[in-house]
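Below: run.cif (mmCIF, C-alpha atoms and all ligand atoms)
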data_work
#
loop_
_atom_site.label_atom_id
_atom_site.label_comp_id
_atom_site.auth_asym_id
_atom_site.auth_seq_id
_atom_site.Cartn_x
_atom_site.Cartn_y
_atom_site.Cartn_z
CA MET A 8 86.28 23.27 47.12
CA GLU A 9 83.27 24.97 45.54
CA LYS A 10 80.25 22.68 45.55
CA ARG A 11 78.11 22.08 42.48
CA ILE A 12 74.64 23.43 43.21
CA GLY A 13 71.46 22.20 41.55
CA PHE A 14 68.12 24.02 41.74
CA ILE A 15 64.86 22.13 41.49
CA GLY A 16 62.37 24.91 40.96
CA CYS A 17 63.66 28.11 39.46
CA GLY A 18 61.23 30.88 40.34
CA ASN A 19 61.74 34.07 42.34
CA ILE A 20 63.79 32.85 45.28
CA ALA A 21 65.96 30.52 43.18
CA GLU A 22 66.74 33.39 40.84
CA ALA A 23 67.59 35.67 43.77
CA ILE A 24 69.96 33.03 45.19
CA ILE A 25 71.55 32.32 41.79
CA LYS A 26 72.20 36.01 41.16
CA GLY A 27 73.57 36.45 44.69
CA LEU A 28 75.91 33.47 44.32
CA LEU A 29 77.22 34.71 40.97
CA ASN A 30 77.79 38.21 42.38
CA ALA A 31 79.70 36.59 45.23
CA GLY A 32 82.05 34.99 42.72
CA TYR A 33 80.39 31.63 42.29
CA VAL A 34 81.24 30.08 38.93
CA SER A 35 78.21 29.79 36.64
CA LYS A 36 79.13 26.35 35.34
CA MET A 37 78.85 25.01 38.91
CA ILE A 38 75.14 25.85 38.96
CA THR A 39 72.40 23.84 37.22
CA ALA A 40 68.70 24.56 37.34
CA THR A 41 65.47 22.96 36.31
CA ASN A 42 61.88 24.11 36.54
CA LYS A 43 58.37 22.86 35.93
CA GLU A 44 57.74 25.36 33.17
CA LYS A 45 60.81 24.40 31.22
CA THR A 46 60.94 26.40 28.03
CA GLU A 47 60.69 30.15 28.57
CA ARG A 48 61.86 30.22 32.17
CA LEU A 49 64.93 28.06 31.66
CA LYS A 50 65.84 29.99 28.50
CA TYR A 51 65.62 33.23 30.50
CA ILE A 52 67.73 31.84 33.36
CA LYS A 53 70.39 30.51 31.00
CA GLU A 54 70.57 33.69 28.92
CA THR A 55 70.53 36.02 31.92
CA TYR A 56 72.94 34.22 34.24
CA GLY A 57 74.91 31.81 32.03
CA VAL A 58 74.23 28.90 34.38
CA GLN A 59 73.50 25.38 33.16
CA VAL A 60 69.86 24.45 32.76
CA SER A 61 68.24 21.09 32.19
CA ARG A 62 64.75 19.91 31.40
CA ASP A 63 65.51 16.77 33.40
CA LYS A 64 65.62 16.99 37.20
CA LYS A 65 67.59 13.73 37.38
CA GLU A 66 70.34 15.35 35.34
CA VAL A 67 70.36 18.29 37.75
CA VAL A 68 70.75 15.90 40.68
CA ASP A 69 73.54 13.97 38.93
CA ASN A 70 75.42 17.21 38.30
CA SER A 71 75.18 18.51 41.87
CA ASP A 72 76.65 18.09 45.33
CA LEU A 73 73.96 20.27 46.90
CA ILE A 74 70.38 20.37 45.73
CA ILE A 75 68.32 23.43 46.54
CA LEU A 76 64.62 22.63 46.48
CA ALA A 77 62.87 25.90 45.65
CA VAL A 78 59.31 24.96 44.74
CA LYS A 79 56.07 25.96 46.45
CA PRO A 80 55.22 23.83 49.51
CA LYS A 81 52.36 22.14 47.63
CA ASP A 82 54.82 21.05 44.91
CA VAL A 83 57.55 19.44 47.02
CA VAL A 84 56.20 15.90 46.69
CA ASP A 85 55.95 16.13 42.93
CA ALA A 86 59.35 17.80 42.63
CA LEU A 87 61.14 15.08 44.61
CA ARG A 88 59.27 12.17 43.01
CA ASP A 89 61.47 9.63 41.19
CA ILE A 90 64.80 11.10 42.19
CA GLN A 91 67.53 9.64 44.36
CA ILE A 92 69.44 12.09 46.52
CA GLY A 93 72.09 9.55 47.50
CA ASP A 94 74.94 11.14 49.45
CA ARG A 95 74.13 14.66 48.29
CA ILE A 96 72.77 17.34 50.59
CA LEU A 97 69.17 18.38 50.05
CA ILE A 98 68.51 21.99 51.07
CA SER A 99 64.85 22.97 51.10
CA VAL A 100 63.73 26.59 51.22
CA ALA A 101 60.03 25.65 51.09
CA ALA A 102 58.02 27.51 53.73
CA GLY A 103 56.52 25.30 56.40
CA ILE A 104 57.91 21.99 55.18
CA THR A 105 59.87 20.12 57.82
CA THR A 106 63.12 18.18 57.43
CA GLU A 107 61.32 15.16 58.89
CA TYR A 108 58.67 15.24 56.17
CA LEU A 109 61.21 15.69 53.39
CA GLY A 110 63.44 12.93 54.75
CA GLY A 111 60.42 10.65 55.02
CA MET A 112 59.93 10.83 51.26
CA PHE A 113 63.03 8.70 50.68
CA LYS A 114 63.88 5.11 51.57
CA ASP A 115 67.47 6.06 52.42
CA ASN A 116 68.63 8.37 55.18
CA VAL A 117 68.78 11.60 53.24
CA ARG A 118 70.79 14.53 54.62
CA VAL A 119 68.28 17.38 54.69
CA ILE A 120 68.92 21.02 55.58
CA ARG A 121 66.04 23.47 55.91
CA ALA A 122 66.75 27.08 55.04
CA MET A 123 64.69 30.24 55.03
CA PRO A 124 66.41 32.99 53.02
CA ASN A 125 64.78 36.09 51.58
CA THR A 126 64.86 37.80 48.20
CA SER A 127 67.60 40.22 49.32
CA SER A 128 69.85 37.24 48.46
CA MET A 129 69.94 38.86 45.05
CA VAL A 130 72.09 41.72 46.36
CA GLY A 131 74.02 39.70 48.94
CA GLU A 132 71.88 41.01 51.82
CA SER A 133 69.68 38.07 52.78
CA VAL A 134 69.40 36.79 56.28
CA THR A 135 68.99 33.03 56.10
CA ALA A 136 67.96 30.79 58.96
CA ILE A 137 69.22 27.22 58.66
CA CYS A 138 68.78 24.01 60.62
CA ARG A 139 69.70 20.42 59.98
CA GLY A 140 67.51 17.38 59.72
CA ARG A 141 68.05 14.09 61.50
CA PHE A 142 70.61 12.61 59.12
CA ALA A 143 72.53 15.77 58.23
CA SER A 144 75.82 16.32 60.04
CA ASP A 145 77.42 19.44 61.45
CA ASP A 146 79.65 19.44 58.36
CA ASP A 147 76.53 19.50 56.18
CA LEU A 148 75.18 22.42 58.20
CA ASN A 149 78.53 24.19 57.81
CA CYS A 150 78.37 23.59 54.10
CA ALA A 151 74.94 25.25 53.93
CA TYR A 152 76.27 28.02 56.18
CA GLU A 153 79.05 28.69 53.70
CA VAL A 154 76.69 28.85 50.72
CA PHE A 155 74.18 31.19 52.39
CA SER A 156 76.81 33.36 54.05
CA SER A 157 78.02 34.28 50.56
CA ILE A 158 74.62 35.94 49.96
CA GLY A 159 74.07 37.57 53.34
CA GLU A 160 73.97 36.74 57.01
CA VAL A 161 73.10 33.32 58.41
CA ALA A 162 71.46 32.27 61.67
CA ILE A 163 71.53 28.66 62.86
CA LEU A 164 68.22 28.08 64.65
CA ASP A 165 66.14 25.19 65.97
CA GLU A 166 63.59 24.01 63.45
CA GLU A 167 60.72 24.78 65.85
CA TYR A 168 61.27 28.50 65.13
CA PHE A 169 61.04 28.26 61.37
CA ASP A 170 57.40 29.29 61.00
CA ILE A 171 58.15 32.47 62.96
CA VAL A 172 61.33 33.12 60.97
CA THR A 173 59.33 32.69 57.77
CA GLY A 174 56.79 35.27 58.96
CA LEU A 175 59.50 37.70 60.06
CA SER A 176 62.54 37.60 57.77
CA GLY A 177 61.32 35.34 54.94
CA SER A 178 58.30 37.52 54.21
CA GLY A 179 59.81 40.62 55.86
CA PRO A 180 61.18 42.38 52.77
CA ALA A 181 57.57 42.64 51.51
CA TYR A 182 56.55 44.53 54.65
CA ILE A 183 59.32 47.06 54.08
CA TYR A 184 58.36 47.48 50.41
CA TYR A 185 54.78 47.98 51.55
CA MET A 186 55.97 50.64 53.98
CA MET A 187 57.76 52.33 51.08
CA GLU A 188 54.56 52.21 48.99
CA ALA A 189 52.66 53.75 51.89
CA LEU A 190 55.24 56.54 52.33
CA VAL A 191 55.15 57.35 48.62
CA GLU A 192 51.35 57.39 48.55
CA ALA A 193 51.34 59.64 51.62
CA GLY A 194 53.77 62.02 49.92
CA ILE A 195 51.70 62.17 46.75
CA LYS A 196 48.45 62.61 48.64
CA SER A 197 50.04 65.47 50.55
CA GLY A 198 51.06 67.24 47.33
CA LEU A 199 54.48 65.91 46.27
CA ASP A 200 55.39 64.90 42.76
CA ALA A 201 55.45 61.06 42.47
CA GLY A 202 59.11 60.89 41.43
CA VAL A 203 60.18 63.14 44.28
CA ALA A 204 58.12 61.15 46.82
CA GLN A 205 59.73 57.93 45.59
CA GLU A 206 63.26 59.27 45.78
CA LEU A 207 62.70 60.65 49.29
CA ALA A 208 61.09 57.45 50.57
CA ARG A 209 63.62 55.06 48.98
CA GLN A 210 66.66 56.87 50.33
CA THR A 211 65.02 57.32 53.75
CA ILE A 212 64.49 53.56 54.06
CA PHE A 213 67.94 52.78 52.69
CA GLY A 214 69.62 55.32 54.99
CA ALA A 215 67.80 54.00 58.05
CA ALA A 216 68.79 50.41 57.18
CA VAL A 217 72.43 51.38 56.70
CA MET A 218 72.36 53.29 60.02
CA LEU A 219 71.05 50.20 61.79
CA LYS A 220 73.71 48.00 60.26
CA LYS A 221 76.71 50.35 60.47
CA THR A 222 76.13 51.76 63.94
CA GLY A 223 74.81 48.55 65.51
CA GLU A 224 72.64 50.84 67.65
CA ASP A 225 69.32 49.83 69.10
CA PRO A 226 66.51 51.02 66.77
CA SER A 227 64.73 52.74 69.64
CA ARG A 228 67.91 54.78 70.29
CA LEU A 229 68.12 55.77 66.63
CA ARG A 230 64.43 56.64 66.64
CA LEU A 231 64.91 58.89 69.67
CA ASN A 232 67.74 60.69 67.86
CA VAL A 233 65.23 61.73 65.19
CA THR A 234 62.54 62.64 67.69
CA SER A 235 63.02 66.16 69.03
CA PRO A 236 60.85 66.68 72.11
CA GLY A 237 57.58 68.26 71.10
CA GLY A 238 58.64 68.21 67.45
CA THR A 239 57.40 66.81 64.16
CA THR A 240 58.59 63.18 64.54
CA MET A 241 56.89 62.87 67.90
CA ALA A 242 53.62 63.93 66.27
CA GLY A 243 54.14 61.33 63.53
CA ILE A 244 55.03 58.52 65.94
CA MET A 245 52.02 59.35 68.11
CA ALA A 246 49.79 59.00 65.04
CA LEU A 247 51.34 55.54 64.39
CA GLU A 248 50.92 54.53 68.03
CA SER A 249 47.32 55.69 68.24
CA ARG A 250 46.48 53.43 65.28
CA GLY A 251 48.26 50.41 66.75
CA PHE A 252 51.30 50.27 64.45
CA LYS A 253 53.16 47.67 66.54
CA GLU A 254 50.08 45.51 66.78
CA ILE A 255 49.63 45.71 63.03
CA ILE A 256 53.22 44.48 62.52
CA TYR A 257 52.73 41.76 65.12
CA ASN A 258 49.62 40.60 63.27
CA ALA A 259 51.52 40.49 59.98
CA VAL A 260 54.26 38.27 61.43
CA TYR A 261 51.68 36.16 63.27
CA GLU A 262 49.49 35.62 60.20
CA ALA A 263 52.45 34.83 57.93
CA SER A 264 53.74 32.31 60.51
CA ARG A 265 50.28 30.81 60.82
CA ARG A 266 50.12 30.45 57.05
CA SER A 267 53.49 28.67 57.04
CA LYS A 268 52.06 26.12 59.47
CA GLU A 269 48.82 25.91 57.49
CA MET A 270 50.67 25.17 54.23
CA ARG A 271 52.49 22.32 56.00
CA GLU A 272 49.23 20.91 57.34
CA SER A 273 47.43 21.28 54.02
CA ILE A 274 49.70 18.69 52.43
CA GLY A 275 49.53 16.46 55.48
CA ALA A 276 53.14 17.11 56.38
N1 LIG B 301 59.86 34.26 47.25
C1 LIG B 301 60.44 34.39 48.45
O1 LIG B 301 60.72 35.51 48.92
C2 LIG B 301 60.80 33.18 49.27
C3 LIG B 301 60.30 31.93 48.94
N2 LIG B 301 60.62 30.84 49.71
C4 LIG B 301 60.11 29.52 49.38
O2 LIG B 301 60.66 29.15 48.14
C5 LIG B 301 59.75 28.36 47.43
C6 LIG B 301 59.58 28.94 46.03
O3 LIG B 301 59.04 30.21 46.16
P1 LIG B 301 59.07 31.24 44.94
O4 LIG B 301 60.39 31.18 44.27
O5 LIG B 301 58.58 32.52 45.47
O6 LIG B 301 57.96 30.59 44.00
P2 LIG B 301 57.85 30.64 42.43
O7 LIG B 301 56.47 30.24 42.10
O8 LIG B 301 58.40 31.92 41.91
O9 LIG B 301 58.85 29.48 41.97
C7 LIG B 301 58.60 28.13 42.13
C8 LIG B 301 59.07 27.43 40.87
O10 LIG B 301 58.97 26.03 41.07
C9 LIG B 301 58.65 25.45 39.84
N3 LIG B 301 58.11 24.11 40.06
C10 LIG B 301 56.89 23.75 40.50
N4 LIG B 301 56.78 22.41 40.55
C11 LIG B 301 57.96 21.91 40.13
C12 LIG B 301 58.46 20.60 39.93
N5 LIG B 301 57.70 19.53 40.18
N6 LIG B 301 59.73 20.45 39.48
C13 LIG B 301 60.48 21.54 39.20
N7 LIG B 301 60.05 22.80 39.35
C14 LIG B 301 58.82 22.99 39.81
C15 LIG B 301 57.67 26.40 39.19
O11 LIG B 301 57.64 26.24 37.79
C16 LIG B 301 58.22 27.74 39.65
O12 LIG B 301 59.04 28.36 38.67
C17 LIG B 301 58.45 28.32 48.21
O13 LIG B 301 58.35 27.09 48.88
C18 LIG B 301 58.59 29.45 49.20
O14 LIG B 301 57.97 29.15 50.41
C19 LIG B 301 61.50 30.94 50.76
C20 LIG B 301 62.03 32.14 51.10
C21 LIG B 301 61.69 33.37 50.43
O1 LIG B 302 55.20 34.16 50.53
C1 LIG B 302 55.71 33.04 50.70
O2 LIG B 302 55.00 32.04 50.91
C2 LIG B 302 57.21 32.89 50.65
C3 LIG B 302 57.79 32.34 51.91
C4 LIG B 302 58.60 33.44 52.51
C5 LIG B 302 58.55 34.50 51.53
N1 LIG B 302 57.82 34.19 50.51
#
As structure tokens, the full file:
Amino acid sequence: MEKRIGFIGCGNIAEAIIKGLLNAGYVSKMITATNKEKTERLKYIKETYGVQVSRDKKEVVDNSDLIILAVKPKDVVDALRDIQIGDRILISVAAGITTEYLGGMFKDNVRVIRAMPNTSSMVGESVTAICRGRFASDDDLNCAYEVFSSIGEVAILDEEYFDIVTGLSGSGPAYIYYMMEALVEAGIKSGLDAGVAQELARQTIFGAAVMLKKTGEDPSRLRLNVTSPGGTTMAGIMALESRGFKEIIYNAVYEASRRSKEMRESIGA
């Protein structure tokens, strides 16, 4: 049976998940959302998606079987203050915040699932890592699996890997968009019209992503297929290598993971 889902915090990632769930056939009346800024944001969410909204987080909890906590890490304590989760499942997508810390905020043994989706949830193409806290069961994990698999792929992982996952796939879409920005700027700088550069870059990234997914081939194999010996691609790749492209990407994942840990520590979690 379809679970009733309540969102505490309705910013970017909550909106992406809501849209993804609705596209996947989820019924709008099964979704309720609340937010700190209650007026404009909730009006927008209600008008755009037809889901229920409430100014009262307790009402959201009462109307839900699963609660998705989608507030910034620094706001989790405030967001969960004065509510009773009872026998519902609490799914947190907050970067860095552990199931142990969240569970510790309640007197009862709350069933907590930690999830790290990304904004491609909006088009059903997220990859979401999930793990269960101490008091959540395998059934609870399966329940979360079902919800997130309707908006993309799901990986069940040990919680110790979540900072890395956050730095790789949670933040990852931004790296790809940044790559697109860089390609477009390079095209323009080299003399292309902006619209043309954008169209070429967007479809190149999309085509490469579809190739990866549909062929299941190793990316290095696909890269070699583009790279004629002594040709243009080889010259381009050598320019990337000489400027430490892989190290740059490693640093991005490392720094984002470090920040995930730092946000946890900054609230004493
Ligand atoms: N944006 C992304 O791509 C992803 C974000 N996350 C995590 O999701 C969480 C939310 O991130 P975003 O949606 O990007 O942030 P956001 O700032 O867009 O949304 C957070 C929302 O929480 C609301 N809020 C703050 N305190 C609240 C409270 N006490 N009660 C109810 N609502 C409250 C704010 O009004 C805001 O609309 C963060 O913890 C982040 O680490 C996880 C995966 C991906
Ligand atoms: O930037 C952030 O902190 C969040 C977590 C993963 C993606 N966005």
Could you list the protein, DNA and RNA residues that have any atom within 12 Å of ligand LIG 302 (chain B), counting all atoms listed in the file, and write them as a PDB file with C-alpha atoms, in the coordinates of the input?
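Contents of selection-v9.pdb, freshly written:
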ATOM      1  CA  GLY A  18      61.230  30.880  40.340  1.00  0.00           C
ATOM      2  CA  ASN A  19      61.740  34.070  42.340  1.00  0.00           C
ATOM      3  CA  ILE A  20      63.790  32.850  45.280  1.00  0.00           C
ATOM      4  CA  ALA A  21      65.960  30.520  43.180  1.00  0.00           C
ATOM      5  CA  ALA A  23      67.590  35.670  43.770  1.00  0.00           C
ATOM      6  CA  ALA A  77      62.870  25.900  45.650  1.00  0.00           C
ATOM      7  CA  VAL A  78      59.310  24.960  44.740  1.00  0.00           C
ATOM      8  CA  LYS A  79      56.070  25.960  46.450  1.00  0.00           C
ATOM      9  CA  PRO A  80      55.220  23.830  49.510  1.00  0.00           C
ATOM     10  CA  LYS A  81      52.360  22.140  47.630  1.00  0.00           C
ATOM     11  CA  SER A  99      64.850  22.970  51.100  1.00  0.00           C
ATOM     12  CA  VAL A 100      63.730  26.590  51.220  1.00  0.00           C
ATOM     13  CA  ALA A 101      60.030  25.650  51.090  1.00  0.00           C
ATOM     14  CA  ALA A 102      58.020  27.510  53.730  1.00  0.00           C
ATOM     15  CA  GLY A 103      56.520  25.300  56.400  1.00  0.00           C
ATOM     16  CA  ILE A 104      57.910  21.990  55.180  1.00  0.00           C
ATOM     17  CA  ALA A 122      66.750  27.080  55.040  1.00  0.00           C
ATOM     18  CA  MET A 123      64.690  30.240  55.030  1.00  0.00           C
ATOM     19  CA  PRO A 124      66.410  32.990  53.020  1.00  0.00           C
ATOM     20  CA  ASN A 125      64.780  36.090  51.580  1.00  0.00           C
ATOM     21  CA  THR A 126      64.860  37.800  48.200  1.00  0.00           C
ATOM     22  CA  SER A 127      67.600  40.220  49.320  1.00  0.00           C
ATOM     23  CA  SER A 133      69.680  38.070  52.780  1.00  0.00           C
ATOM     24  CA  VAL A 134      69.400  36.790  56.280  1.00  0.00           C
ATOM     25  CA  THR A 135      68.990  33.030  56.100  1.00  0.00           C
ATOM     26  CA  ALA A 136      67.960  30.790  58.960  1.00  0.00           C
ATOM     27  CA  PHE A 169      61.040  28.260  61.370  1.00  0.00           C
ATOM     28  CA  ASP A 170      57.400  29.290  61.000  1.00  0.00           C
ATOM     29  CA  ILE A 171      58.150  32.470  62.960  1.00  0.00           C
ATOM     30  CA  VAL A 172      61.330  33.120  60.970  1.00  0.00           C
ATOM     31  CA  THR A 173      59.330  32.690  57.770  1.00  0.00           C
ATOM     32  CA  GLY A 174      56.790  35.270  58.960  1.00  0.00           C
ATOM     33  CA  LEU A 175      59.500  37.700  60.060  1.00  0.00           C
ATOM     34  CA  SER A 176      62.540  37.600  57.770  1.00  0.00           C
ATOM     35  CA  GLY A 177      61.320  35.340  54.940  1.00  0.00           C
ATOM     36  CA  SER A 178      58.300  37.520  54.210  1.00  0.00           C
ATOM     37  CA  GLY A 179      59.810  40.620  55.860  1.00  0.00           C
ATOM     38  CA  PRO A 180      61.180  42.380  52.770  1.00  0.00           C
ATOM     39  CA  ALA A 181      57.570  42.640  51.510  1.00  0.00           C
ATOM     40  CA  TYR A 182      56.550  44.530  54.650  1.00  0.00           C
ATOM     41  CA  ALA A 259      51.520  40.490  59.980  1.00  0.00           C
ATOM     42  CA  VAL A 260      54.260  38.270  61.430  1.00  0.00           C
ATOM     43  CA  GLU A 262      49.490  35.620  60.200  1.00  0.00           C
ATOM     44  CA  ALA A 263      52.450  34.830  57.930  1.00  0.00           C
ATOM     45  CA  SER A 264      53.740  32.310  60.510  1.00  0.00           C
ATOM     46  CA  ARG A 265      50.280  30.810  60.820  1.00  0.00           C
ATOM     47  CA  ARG A 266      50.120  30.450  57.050  1.00  0.00           C
ATOM     48  CA  SER A 267      53.490  28.670  57.040  1.00  0.00           C
ATOM     49  CA  LYS A 268      52.060  26.120  59.470  1.00  0.00           C
ATOM     50  CA  GLU A 269      48.820  25.910  57.490  1.00  0.00           C
ATOM     51  CA  MET A 270      50.670  25.170  54.230  1.00  0.00           C
ATOM     52  CA  ARG A 271      52.490  22.320  56.000  1.00  0.00           C
TER      53      ARG A 271
END
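Distances here use all atoms listed in the file; by that measure, the residue among A:Lys36, A:Arg250, A:Lys64, A:Lys114 closest to Ile90 in chain A is A:Lys64.
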Legend entry - Proximity to Asp85 in chain A - best of A:Ile12, A:Ala201, A:Leu49, A:Met112, only C-alpha atoms: A:Met112
Inset, instruction - Using only C-alpha atoms and all ligand atoms, find the one residue out of A:Ile274, A:Ala31, A:Ala86, A:Val67 that sits nearest to ligand LIG 301 (chain B). - result: A:Ala86
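Among the candidates A:Val117, A:Gly131, A:Leu207, A:Tyr185, the one nearest to Gly27 in chain A when counting all atoms listed in the file is A:Gly131.
For the pair CA of Cys138 in chain A and CA of Ala162 in chain A, the separation is 8.7 Å.
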Inset, instruction - Please return, as a ChimeraX atom specification, all polymer residues that have at least one atom within 12 Å of the point (80.4, 38.4, 39.8); use all atoms listed in the file and the file's own coordinate frame. - result: /A:25-35,56-57,129-131,157-158
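Minimum atom-to-atom distances from A:Gln91, A:Leu97, A:Thr55, A:Arg121 to ligand LIG 301 (chain B) were compared using all atoms listed in the file, and the lowest value belongs to A:Arg121.
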Legend entry - Close residues, Thr46 in chain A itself excluded, 12 Å, all atoms listed in the file, min 4 positions apart in chain, as a ChimeraX atom specification: /A:17,41-42,50-53,60-63
Writing out the chosen residues with C-alpha atoms as a CSV table (one decimal), keeping the file's coordinate frame:
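Result went into out-v5.csv, see below:
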chain,number,residue,atom,x,y,z
A,17,CYS,CA,63.7,28.1,39.5
A,41,THR,CA,65.5,23.0,36.3
A,42,ASN,CA,61.9,24.1,36.5
A,50,LYS,CA,65.8,30.0,28.5
A,51,TYR,CA,65.6,33.2,30.5
A,52,ILE,CA,67.7,31.8,33.4
A,53,LYS,CA,70.4,30.5,31.0
A,60,VAL,CA,69.9,24.4,32.8
A,61,SER,CA,68.2,21.1,32.2
A,62,ARG,CA,64.8,19.9,31.4
A,63,ASP,CA,65.5,16.8,33.4
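CA of Ala204 in chain A to CA of Ile183 in chain A spans 15.9 Å [interatomic distance, one decimal].
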Go ahead and fit an axis-aligned box to every listed atom of range 221-227 of chain A plus 5 Å each side, and pass me the centre and edge lengths in Å, one decimal, as JSON.
{"center_x": 70.7, "center_y": 50.6, "center_z": 65.1, "size_x": 22.0, "size_y": 14.2, "size_z": 19.2}
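Closest approach to Ile75 in chain A among A:Ile120, A:Leu219, A:Ile15, A:Ile92: A:Ile15, based on all atoms listed in the file.
We find CA of Gly243 in chain A and CA of Asp200 in chain A to be spaced 21.1 Å apart.
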